[in-house]
Every structure is written in C-alpha cells, then in structure tokens.
file coords_31.cif (mmCIF, C-alpha atoms)
data_start
#
loop_
_atom_site.label_atom_id
_atom_site.label_comp_id
_atom_site.auth_asym_id
_atom_site.auth_seq_id
_atom_site.Cartn_x
_atom_site.Cartn_y
_atom_site.Cartn_z
CA ILE B 1 18.14 4.09 1.00
CA THR B 2 18.71 4.53 -2.77
CA PHE B 3 16.56 5.06 -5.83
CA ASP B 4 15.60 2.28 -8.17
CA ILE B 5 16.68 4.04 -11.31
CA GLU B 6 20.10 2.44 -11.74
CA ALA B 7 20.46 1.37 -15.37
CA ARG B 8 21.76 -2.14 -15.95
CA THR B 9 25.25 -2.42 -17.32
CA ASP B 10 25.39 -6.10 -18.21
CA LEU B 11 24.37 -7.55 -21.56
CA PRO B 12 22.14 -10.56 -22.18
CA LYS B 13 24.15 -13.69 -22.92
CA ALA B 14 24.82 -14.40 -26.58
CA LYS B 15 23.74 -17.68 -28.12
CA ASP B 16 25.25 -19.45 -31.10
CA ASN B 17 23.54 -19.86 -34.48
CA PHE B 18 19.82 -19.14 -34.56
CA PHE B 19 17.41 -21.21 -36.64
CA PRO B 20 13.63 -21.27 -36.21
CA SER B 21 13.52 -25.07 -36.64
CA PRO B 22 15.82 -28.07 -37.17
CA GLU B 23 14.45 -28.44 -40.72
CA VAL B 24 15.43 -24.88 -41.63
CA GLN B 25 18.77 -25.46 -39.96
CA SER B 26 19.63 -28.48 -42.08
CA VAL B 27 18.61 -26.70 -45.29
CA ILE B 28 20.69 -23.60 -44.52
CA VAL B 29 23.72 -25.45 -43.17
CA LYS B 30 23.86 -27.59 -46.31
CA PHE B 31 23.41 -24.56 -48.53
CA VAL B 32 26.21 -22.62 -46.82
CA LYS B 33 28.54 -25.62 -46.94
CA ASP B 34 27.91 -26.20 -50.65
CA TYR B 35 28.11 -22.51 -51.45
CA TYR B 36 31.49 -21.89 -49.82
CA MET B 37 32.97 -25.04 -51.27
CA VAL B 38 32.51 -23.51 -54.73
CA TYR B 39 33.19 -19.94 -53.61
CA ASP B 40 36.57 -21.00 -52.19
CA SER B 41 37.49 -23.01 -55.29
CA ASP B 42 39.61 -21.74 -58.20
CA ASP B 43 36.54 -21.13 -60.32
CA ARG B 44 33.51 -19.35 -58.92
CA THR B 45 31.54 -19.63 -62.18
CA GLY B 46 30.18 -22.84 -60.67
CA LEU B 47 27.95 -20.62 -58.55
CA MET B 48 25.91 -19.59 -61.58
CA GLY B 49 23.26 -22.18 -60.81
CA ALA B 50 22.84 -20.88 -57.26
CA TYR B 51 21.52 -17.49 -58.36
CA HIS B 52 18.09 -16.37 -59.57
CA ASP B 53 17.99 -14.57 -62.97
CA GLU B 54 17.10 -11.33 -61.20
CA ALA B 55 19.59 -11.73 -58.34
CA LEU B 56 21.29 -8.68 -56.87
CA PHE B 57 24.77 -8.54 -55.30
CA SER B 58 26.60 -5.75 -53.56
CA LEU B 59 29.74 -5.44 -51.50
CA SER B 60 30.40 -2.96 -48.73
CA VAL B 61 33.74 -2.50 -47.06
CA ALA B 62 34.81 -0.67 -43.91
CA TYR B 63 37.70 -0.68 -41.47
CA ASN B 64 37.09 -2.06 -38.00
CA SER B 65 37.23 0.93 -35.69
CA ALA B 66 37.01 -1.18 -32.54
CA VAL B 67 40.54 -2.60 -32.84
CA SER B 68 43.90 -1.07 -31.99
CA TYR B 69 46.32 -3.16 -34.07
CA LYS B 70 47.51 -1.84 -37.43
CA GLN B 71 44.93 -3.01 -39.95
CA THR B 72 45.67 -4.54 -43.35
CA SER B 73 44.66 -2.29 -46.22
CA LEU B 74 41.25 -2.93 -47.78
CA ALA B 75 42.33 -1.25 -51.03
CA THR B 76 41.64 -4.34 -53.16
CA TYR B 77 37.95 -3.99 -52.34
CA ILE B 78 37.43 -0.24 -52.16
CA ASP B 79 36.64 0.26 -55.87
CA ASP B 80 33.76 -2.19 -55.65
CA SER B 81 32.48 -1.04 -52.28
CA ARG B 82 28.98 0.39 -52.29
CA ASN B 83 29.21 1.59 -48.69
CA MET B 84 26.66 4.41 -48.47
CA ALA B 85 27.85 5.56 -45.07
CA LYS B 86 30.71 7.28 -46.88
CA ALA B 87 29.74 10.21 -49.10
CA PRO B 88 30.62 9.41 -52.74
CA LYS B 89 33.01 11.88 -54.36
CA ASP B 90 31.07 12.06 -57.63
CA GLY B 91 27.61 12.50 -56.16
CA GLY B 92 26.77 8.82 -56.48
CA ARG B 93 26.97 8.23 -60.24
CA ARG B 94 29.52 5.43 -59.95
CA GLN B 95 27.79 3.99 -56.92
CA LYS B 96 24.90 2.91 -59.15
CA LEU B 97 27.22 0.62 -61.11
CA LYS B 98 28.31 -1.17 -57.98
CA LEU B 99 25.04 -2.99 -57.55
CA LYS B 100 25.32 -6.08 -59.74
CA SER B 101 22.33 -7.87 -61.19
CA GLY B 102 21.59 -11.07 -63.06
CA ASN B 103 24.61 -12.53 -64.82
CA GLN B 104 26.83 -9.67 -63.60
CA VAL B 105 26.68 -11.21 -60.13
CA VAL B 106 28.88 -14.24 -60.66
CA SER B 107 31.24 -12.26 -62.94
CA GLN B 108 31.73 -9.85 -60.05
CA LEU B 109 32.29 -12.68 -57.56
CA CYS B 110 34.98 -14.05 -59.90
CA LEU B 111 36.82 -10.72 -59.72
CA LEU B 112 37.05 -10.67 -55.93
CA PRO B 113 40.22 -12.07 -54.34
CA LYS B 114 40.38 -15.85 -54.01
CA THR B 115 39.50 -17.03 -50.54
CA MET B 116 39.52 -19.79 -48.00
CA HIS B 117 36.83 -19.53 -45.34
CA ASP B 118 37.18 -20.98 -41.85
CA PRO B 119 33.91 -22.82 -41.16
CA ASN B 120 34.82 -23.09 -37.49
CA THR B 121 34.29 -19.35 -37.18
CA PHE B 122 30.89 -19.33 -38.87
CA MET B 123 27.86 -17.98 -37.06
CA LEU B 124 24.50 -18.35 -38.78
CA ASP B 125 21.28 -16.49 -38.05
CA CYS B 126 18.05 -17.09 -39.91
CA GLY B 127 15.67 -14.13 -39.75
CA ILE B 128 12.78 -15.04 -42.02
CA SER B 129 11.79 -18.48 -43.23
CA THR B 130 8.51 -18.83 -45.08
CA PRO B 131 7.59 -21.17 -47.93
CA VAL B 132 8.24 -18.34 -50.42
CA MET B 133 11.37 -16.75 -49.01
CA MET B 134 14.25 -17.26 -46.62
CA ASN B 135 16.65 -14.71 -45.16
CA PHE B 136 19.83 -15.58 -43.29
CA THR B 137 23.22 -14.15 -42.41
CA VAL B 138 26.60 -15.87 -42.26
CA GLN B 139 29.36 -14.27 -40.21
CA GLY B 140 32.96 -15.42 -39.87
CA VAL B 141 36.49 -15.07 -41.20
CA PHE B 142 38.37 -15.98 -44.35
CA LYS B 143 41.86 -15.56 -45.68
CA GLU B 144 42.84 -14.27 -49.09
CA THR B 145 44.63 -17.01 -50.95
CA SER B 146 45.36 -15.17 -54.19
CA THR B 147 48.22 -13.31 -52.56
CA LYS B 148 51.74 -14.72 -52.78
CA SER B 149 52.51 -13.51 -49.29
CA ASP B 150 53.37 -16.10 -46.61
CA ASN B 151 51.07 -14.22 -44.35
CA PRO B 152 47.84 -13.76 -46.32
CA PRO B 153 45.43 -11.20 -44.88
CA ILE B 154 42.67 -12.54 -42.69
CA ARG B 155 39.36 -10.72 -43.09
CA ALA B 156 36.10 -10.76 -41.22
CA PHE B 157 32.84 -10.81 -43.13
CA SER B 158 29.09 -10.83 -42.76
CA ARG B 159 26.94 -11.94 -45.66
CA THR B 160 23.19 -11.67 -45.86
CA PHE B 161 21.28 -13.83 -48.31
CA VAL B 162 17.64 -13.85 -49.37
CA THR B 163 16.66 -17.05 -51.14
CA VAL B 164 13.54 -18.20 -52.93
CA PRO B 165 12.45 -21.69 -53.98
CA GLY B 166 13.84 -22.72 -57.37
CA GLY B 167 16.55 -24.61 -59.15
CA SER B 168 17.51 -27.72 -57.22
CA GLY B 169 16.06 -26.30 -54.00
CA MET B 170 16.68 -22.64 -53.44
CA LEU B 171 18.07 -19.73 -55.45
CA ILE B 172 19.74 -16.59 -54.16
CA ILE B 173 17.80 -13.46 -55.00
CA ASN B 174 19.69 -10.99 -52.75
CA ASP B 175 23.33 -11.28 -51.69
CA MET B 176 24.94 -8.57 -49.55
CA LEU B 177 28.53 -8.97 -48.44
CA THR B 178 30.30 -6.79 -45.89
CA ILE B 179 34.06 -7.16 -45.49
CA THR B 180 36.09 -5.69 -42.65
CA ASN B 181 39.15 -6.54 -40.62
CA PRO B 182 39.02 -9.12 -37.84
CA SER B 183 38.90 -8.40 -34.15
CA GLN B 184 41.94 -9.37 -32.10
CA ASP B 185 40.17 -12.57 -30.98
CA GLN B 186 39.20 -13.46 -34.53
CA ARG B 187 42.76 -12.92 -35.67
CA LEU B 188 44.13 -15.23 -33.01
CA SER B 189 41.55 -17.98 -33.39
CA ALA B 190 41.20 -18.08 -37.19
CA PHE B 191 42.30 -21.34 -38.82
CA LYS B 192 43.50 -22.72 -35.50
CA ASN B 193 41.15 -25.71 -35.52
CA PRO B 194 41.81 -28.25 -38.25
CA ALA B 195 39.19 -28.47 -40.96
CA PRO B 196 36.97 -31.51 -40.56
CA THR B 197 38.38 -34.50 -42.45
CA PRO B 198 36.09 -35.59 -45.27
CA SER B 199 34.43 -38.87 -44.34
CA SER B 200 35.65 -40.44 -47.56
CA SER B 201 39.25 -39.75 -46.62
CA PRO B 202 41.34 -42.90 -46.92
CA VAL B 203 43.75 -41.67 -44.27
CA PRO B 204 43.07 -43.51 -41.00
CA GLN B 205 42.99 -41.56 -37.75
CA THR B 206 46.20 -42.32 -35.90
CA ALA B 207 46.32 -42.39 -32.15
CA PRO B 208 48.77 -39.90 -30.64
CA MET H 1 22.52 -7.28 -68.29
CA GLY H 2 21.98 -4.15 -66.22
CA LEU H 3 18.90 -3.07 -64.36
CA THR H 4 15.76 -1.93 -66.16
CA GLU H 5 14.77 1.70 -65.63
CA GLU H 6 11.97 0.61 -63.36
CA ALA H 7 14.23 -1.59 -61.27
CA GLN H 8 16.80 1.22 -61.03
CA LEU H 9 14.10 3.54 -59.71
CA LYS H 10 13.30 1.02 -57.00
CA VAL H 11 16.97 0.76 -56.08
CA ASP H 12 17.21 4.55 -55.78
CA GLN H 13 14.14 4.66 -53.55
CA ALA H 14 15.51 1.82 -51.43
CA CYS H 15 18.83 3.64 -50.98
CA GLN H 16 17.10 6.83 -49.93
CA ALA H 17 15.03 4.88 -47.41
CA ALA H 18 18.09 3.06 -46.08
CA LYS H 19 20.01 6.28 -45.48
CA GLU H 20 17.13 7.91 -43.65
CA PHE H 21 16.34 4.74 -41.77
CA SER H 22 19.83 4.05 -40.44
CA LYS H 23 20.17 7.61 -39.18
CA LEU H 24 16.74 7.52 -37.56
CA TYR H 25 17.09 4.03 -36.09
CA TYR H 26 20.39 4.55 -34.27
CA GLU H 27 19.51 8.06 -33.10
CA THR H 28 16.28 6.73 -31.66
CA MET H 29 18.03 3.70 -30.13
CA ASP H 30 20.69 5.87 -28.50
CA LYS H 31 18.62 8.84 -27.37
CA LYS H 32 14.88 8.07 -27.21
CA ARG H 33 14.60 4.33 -27.21
CA HIS H 34 10.92 4.22 -26.22
CA LEU H 35 10.06 5.64 -29.65
CA LEU H 36 11.55 2.61 -31.43
CA ALA H 37 8.09 1.04 -31.15
CA LYS H 38 6.99 3.14 -34.09
CA LEU H 39 9.60 1.54 -36.35
CA TYR H 40 8.70 -2.12 -35.77
CA GLN H 41 5.76 -3.92 -37.28
CA GLU H 42 3.44 -5.65 -34.77
CA THR H 43 4.63 -9.14 -35.75
CA ALA H 44 8.31 -8.25 -36.28
CA GLU H 45 11.06 -10.61 -35.13
CA GLU H 46 14.42 -9.69 -33.75
CA ILE H 47 17.43 -11.95 -33.31
CA TRP H 48 19.84 -10.30 -30.92
CA ASN H 49 23.12 -12.22 -30.67
CA GLY H 50 21.23 -15.46 -31.22
CA ASN H 51 18.33 -14.69 -28.86
CA VAL H 52 14.99 -14.50 -30.63
CA HIS H 53 12.36 -11.95 -29.67
CA LYS H 54 8.96 -12.23 -31.29
CA GLY H 55 6.57 -9.33 -31.71
CA LYS H 56 6.99 -5.63 -31.23
CA ASP H 57 6.29 -5.65 -27.49
CA GLU H 58 8.92 -8.26 -26.68
CA ILE H 59 11.48 -6.55 -28.93
CA LEU H 60 10.88 -3.21 -27.30
CA LYS H 61 11.11 -4.72 -23.83
CA THR H 62 14.46 -6.38 -24.47
CA LEU H 63 15.94 -3.42 -26.33
CA GLY H 64 14.68 -1.17 -23.55
CA GLU H 65 16.58 -3.23 -20.97
CA LEU H 66 19.95 -2.86 -22.68
CA PRO H 67 22.38 -0.39 -21.12
CA ALA H 68 22.58 3.07 -22.67
CA THR H 69 24.16 2.84 -26.13
CA GLU H 70 26.14 4.88 -28.56
CA HIS H 71 26.19 3.54 -32.12
CA LYS H 72 28.39 4.62 -34.97
CA VAL H 73 27.67 3.42 -38.51
CA GLU H 74 30.80 2.58 -40.53
CA SER H 75 29.13 0.86 -43.45
CA LEU H 76 25.65 0.91 -44.94
CA ASP H 77 24.26 -0.99 -47.90
CA CYS H 78 20.78 -1.80 -49.15
CA GLN H 79 18.95 -3.78 -51.81
CA PRO H 80 15.30 -4.02 -52.77
CA ILE H 81 13.85 -7.50 -53.00
CA PRO H 82 13.09 -7.80 -56.74
CA ASP H 83 9.51 -7.16 -57.82
CA SER H 84 8.87 -10.62 -59.18
CA ILE H 85 9.53 -12.08 -55.73
CA SER H 86 7.24 -9.82 -53.73
CA PRO H 87 4.77 -8.38 -56.25
CA GLY H 88 2.93 -5.30 -55.07
CA GLN H 89 5.01 -5.17 -51.90
CA PHE H 90 8.04 -2.91 -51.59
CA THR H 91 10.56 -4.67 -49.37
CA VAL H 92 14.19 -3.71 -48.79
CA ILE H 93 17.15 -5.16 -46.94
CA VAL H 94 19.38 -2.76 -45.04
CA LYS H 95 22.79 -4.01 -43.97
CA VAL H 96 24.82 -2.11 -41.40
CA TYR H 97 28.27 -2.48 -39.92
CA GLY H 98 29.44 -0.27 -37.11
CA THR H 99 30.50 0.06 -33.53
CA VAL H 100 28.51 0.29 -30.34
CA SER H 101 29.55 1.17 -26.82
CA TYR H 102 27.47 0.36 -23.77
CA THR H 103 27.68 2.23 -20.49
CA SER H 104 31.14 1.60 -19.06
CA ASN H 105 31.92 -1.06 -21.65
CA ASN H 106 34.42 -1.24 -24.47
CA LEU H 107 33.68 -0.47 -28.07
CA ARG H 108 32.30 -3.48 -29.95
CA SER H 109 31.88 -3.99 -33.68
CA PHE H 110 28.50 -5.27 -34.82
CA HIS H 111 26.68 -6.37 -37.96
CA GLN H 112 22.96 -5.75 -38.26
CA SER H 113 20.53 -6.46 -41.07
CA PHE H 114 16.97 -5.23 -41.27
CA ILE H 115 14.15 -6.12 -43.58
CA LEU H 116 11.78 -3.21 -44.07
CA THR H 117 8.48 -3.29 -45.83
CA SER H 118 6.24 -0.39 -46.75
CA GLN H 119 2.82 -0.29 -45.13
CA ASN H 120 0.49 2.53 -46.12
CA ASN H 121 3.51 4.46 -47.31
CA VAL H 122 5.40 4.00 -44.03
CA TRP H 123 8.48 1.77 -43.62
CA LYS H 124 8.22 -0.87 -40.90
CA ILE H 125 10.85 -3.36 -39.72
CA ILE H 126 9.68 -6.94 -40.13
CA SER H 127 13.00 -8.60 -39.34
CA ASP H 128 16.07 -7.42 -37.43
CA THR H 129 19.21 -9.51 -36.98
CA PHE H 130 21.95 -8.12 -34.77
CA ARG H 131 25.26 -9.79 -33.89
CA PHE H 132 28.58 -8.67 -32.47
CA GLN H 133 31.52 -9.31 -34.73
CA ASP H 134 33.23 -11.06 -31.84
CA LYS H 135 31.88 -14.09 -30.06
CA TYR H 136 31.34 -13.17 -26.41
#
call {"tool": "encode", "arguments": {"input": "coords_31.cif", "output": "structure tokens"}}
result
Amino acid sequence: ITFDIEARTDLPKAKDNFFPSPEVQSVIVKFVKDYYMVYDSDDRTGLMGAYHDEALFSLSVAYNSAVSYKQTSLATYIDDSRNMAKAPKDGGRRQKLKLKSGNQVVSQLCLLPKTMHDPNTFMLDCGISTPVMMNFTVQGVFKETSTKSDNPPIRAFSRTFVTVPGGSGMLIINDMLTITNPSQDQRLSAFKNPAPTPSSSPVPQTAP
Amino acid sequence: MGLTEEAQLKVDQACQAAKEFSKLYYETMDKKRHLLAKLYQETAEEIWNGNVHKGKDEILKTLGELPATEHKVESLDCQPIPDSISPGQFTVIVKVYGTVSYTSNNLRSFHQSFILTSQNNVWKIISDTFRFQDKY
C-alpha cells in the first residue's frame, strides 16, 4: 500500500502552431511570409510600411545554457541587446537608447546582420486576436548571410509582435526579438529541407 | 525621432514592472505554485507548447499538474503598448528566455511572453505564451 502523493514526471504533449481560428491563421501566416521575405532581402527599408508611426522595437540576446557544444559568439548583437536580466554596467543609462521607436525601428533592423530564415523551423503561436489588436510569436532558426565564412552561424530566435489594423491590413506596433544559439536538434535540422519552390517557377519537377 | 518624455516614463514603469514580475512569477511557479492564481486575470489565456488553456481556473489546473520546476531567466525584455493603441489602459509585454528543469528531466530552453495589464493598480496576466526552444 502506497500514498497517492507521487508527483507526475511526464509533460503534456506539445502541439504545433496555435491559432484561435483558421481566419486568424491565414492572416498571420501571410503576414509572416511577407515580412521575412523583405527582412531576408538585401534591403530591409522595404519594411517601413509594415510599422506603425509609434512602433517600438527591442532586441535581447542571451546564450543558450541548455546546450553543451561550444557556442558561436553573440558579440555582433551584444551592443544592441536590451536584456534586463543582466545588470547594466552604467546603471541603465545606455539601456534606454536600446529601445527604438518610430522611424528608428527600420534603421535599427537595417543594422542587424543580414539573414536567411528557415521557414520549415517556424512555430507560430497567436495569443490575442481581437478586432483592435493581435499578438503572436514566431520561433525558429536563421543563418547570418552577411558573413564571408563558409559556415555562417545558425541562430535561434523568438519574435513577438503586436499588430493593429492599419496600412494595407495590419501594422506592427510592438516588435520584440530574442536571439540565442540553437539547440543541438535545431543545429542538425536547420536548412535540411529544401525551401518550397515558388509556384511560378519554370523549372519542371523531374522524377528521380 | 526618440520617445517623448511621457512615453519614456511609461517605458521606465514597464521595465520596473517586468523586473519585479519575472522574479515573482518564476519564484511562485517553482516554489508556491498555488499562489499563481493571484497573477492571472479571470479571463486570461495561456498557450503552453501549443495547447490552449482558457480562464484562470483551467490555467492553474494545468500548471499545477506539471512536475516540479526550476526556472532560470537568461534574458528579459519588455515594452509598453503605446498609449494611442490602448488609451487609458496600461498594458505591457514581457518577453523571457531561460531554462527550465522538471523533476528528473534534462534542462530545456524556453521562450515565454506575457501580456500584463493594470487593474486597480495591480498587474494581471491576460495572455501567456510558453514554448520550448526545441520541438519535442
């Protein structure tokens, strides 16, 4: 005879992307697709129209302390990182400048390393969706393409957006990006699946 | 264009709230989980690794059933939702990155974002999205 106080040790099963409705799903999926197409291009100024006049952007960077491999330096991002979990050396004066607003947002995005995101790794979760506001998070991996190295660093990210109606549909009012290093699984699976071929591609599918 | 003085004040208040909140939330989650109820608004929604839980009671039930946890925050950031979007309502987004270990399980990295809104001068979670960095 035992006591019924044994705590459970298993975790509930994870599910893929969460959207409250198929309508919200199609809006967000299209938005994310369009957004990263421009974000991954040579010129991010094209994103200007995606942001509200009062938009805010901030970046936070941290190493992944759950992995054992030797991590790639995050030095390129540290100066712009607003991570408040680390005590600022100057008492927080510079930290204030790291929150970008209005037209500073896209200028800041242009300064970050050039990227290529792997849409096959994306996981999307929509938290709030009302007629006046939407909140969703995109998680996944990207590689830095501005480096000349044959082996460009692969990073993991999570990005939380708040959008409001406006422009040609919705405008970003809050944009929070966290960059870290990938897990071992993310490292091994990144960019392993070919990107979907654009439907307009003239190249016919050849049978193996 | 930088922030107006008024907007900067809101940012400072939001940051203060985020620091206190993240400390309080994970301490409560790890050590006295039953008290988490006080942090969630009645109609809050939580998305835990893609599973949606609606309302404070359901959130508390599912969080209560998780194995014992130990969280460590590696990164914390916050932003207020600008005034013109939610006039008269102070709402902030808190974004966390860290690690969590469950009883007899390995360390996992996670991302979590909260939306907090002030109600009678008290912060309440209205939305909570949690996901492991790794698919599992």
call {"tool": "residues_around", "arguments": {"input": "coords_31.cif", "residues": "Leu112 in chain B", "least_positions_apart": "3", "cutoff": "9 Å", "atoms": "only C-alpha atoms", "output": "MDAnalysis selection string"}}
result
chainID B and resid 76:77 108:109 115
call {"tool": "resolve_selection", "arguments": {"input": "coords_31.cif", "expression": "the PyMOL selection byres ((chain B) within 8 of (chain H))", "output": "number ranges by chain"}}
result
B: 7-11, 13-18, 54-56, 58-66, 82-86, 100-104, 125, 127-128, 139, 158, 160, 164, 173-174, 176, 178, 183, 185-186
call {"tool": "closest_residue", "arguments": {"input": "coords_31.cif", "among": "H:Leu116, H:Ile59, H:Met29, H:Leu35", "to": "Ala14 in chain H", "atoms": "only C-alpha atoms"}}
result
H:Leu116
call {"tool": "resolve_selection", "arguments": {"input": "coords_31.cif", "expression": "the PyMOL selection byres ((chain B and resi 49) around 10)", "output": "JSON, numbers by chain"}}
result
{"B": [45, 46, 47, 48, 50, 51, 52, 53, 106, 167, 168, 170, 171, 172]}
call {"tool": "residues_near_point", "arguments": {"input": "coords_31.cif", "point": "(6.2, 1.9, -31.4)", "cutoff": "12 Å", "atoms": "all atoms listed in the file", "output": "NGL selection string"}}
result
:H and (28 or 32-44 or 55-61 or 64 or 124-125)
call {"tool": "atom_distance", "arguments": {"input": "coords_31.cif", "atom1": "CA of Asp118 in chain B", "atom2": "CA of Lys143 in chain B"}}
result
8.1 Å
call {"tool": "resolve_selection", "arguments": {"input": "coords_31.cif", "expression": "the PyMOL selection byres ((chain B and resi 129) around 12)", "output": "PyMOL selection string"}}
result
(chain B and resi 18-21+23-25+27-28+125-128+130-136+161-165) or (chain H and resi 45+127)
call {"tool": "write_last_selection", "arguments": {"input": "coords_31.cif", "atoms": "C-alpha atoms", "output": "PDB file, in the frame of the given file"}}
result
ATOM      1  CA  PHE B  18      19.820 -19.140 -34.560  1.00  0.00           C
ATOM      2  CA  PHE B  19      17.410 -21.210 -36.640  1.00  0.00           C
ATOM      3  CA  PRO B  20      13.630 -21.270 -36.210  1.00  0.00           C
ATOM      4  CA  SER B  21      13.520 -25.070 -36.640  1.00  0.00           C
ATOM      5  CA  GLU B  23      14.450 -28.440 -40.720  1.00  0.00           C
ATOM      6  CA  VAL B  24      15.430 -24.880 -41.630  1.00  0.00           C
ATOM      7  CA  GLN B  25      18.770 -25.460 -39.960  1.00  0.00           C
ATOM      8  CA  VAL B  27      18.610 -26.700 -45.290  1.00  0.00           C
ATOM      9  CA  ILE B  28      20.690 -23.600 -44.520  1.00  0.00           C
ATOM     10  CA  ASP B 125      21.280 -16.490 -38.050  1.00  0.00           C
ATOM     11  CA  CYS B 126      18.050 -17.090 -39.910  1.00  0.00           C
ATOM     12  CA  GLY B 127      15.670 -14.130 -39.750  1.00  0.00           C
ATOM     13  CA  ILE B 128      12.780 -15.040 -42.020  1.00  0.00           C
ATOM     14  CA  THR B 130       8.510 -18.830 -45.080  1.00  0.00           C
ATOM     15  CA  PRO B 131       7.590 -21.170 -47.930  1.00  0.00           C
ATOM     16  CA  VAL B 132       8.240 -18.340 -50.420  1.00  0.00           C
ATOM     17  CA  MET B 133      11.370 -16.750 -49.010  1.00  0.00           C
ATOM     18  CA  MET B 134      14.250 -17.260 -46.620  1.00  0.00           C
ATOM     19  CA  ASN B 135      16.650 -14.710 -45.160  1.00  0.00           C
ATOM     20  CA  PHE B 136      19.830 -15.580 -43.290  1.00  0.00           C
ATOM     21  CA  PHE B 161      21.280 -13.830 -48.310  1.00  0.00           C
ATOM     22  CA  VAL B 162      17.640 -13.850 -49.370  1.00  0.00           C
ATOM     23  CA  THR B 163      16.660 -17.050 -51.140  1.00  0.00           C
ATOM     24  CA  VAL B 164      13.540 -18.200 -52.930  1.00  0.00           C
ATOM     25  CA  PRO B 165      12.450 -21.690 -53.980  1.00  0.00           C
TER      26      PRO B 165
ATOM     27  CA  GLU H  45      11.060 -10.610 -35.130  1.00  0.00           C
ATOM     28  CA  SER H 127      13.000  -8.600 -39.340  1.00  0.00           C
TER      29      SER H 127
END
call {"tool": "atom_distance", "arguments": {"input": "coords_31.cif", "atom1": "CA of Val29 in chain B", "atom2": "CA of His53 in chain H"}}
result
22.2 Å
call {"tool": "atom_distance", "arguments": {"input": "coords_31.cif", "atom1": "CA of Lys31 in chain H", "atom2": "CA of Thr117 in chain H"}}
result
24.3 Å
call {"tool": "residues_around", "arguments": {"input": "coords_31.cif", "residues": "Leu188 in chain B", "least_positions_apart": "3", "cutoff": "12 Å", "atoms": "all atoms listed in the file", "output": "list in words"}}
result
Thr121, Val141, Ile154, Pro182, Ser183, Gln184, Asp185, Phe191, Lys192 and Asn193 of chain B; Asp134 of chain H
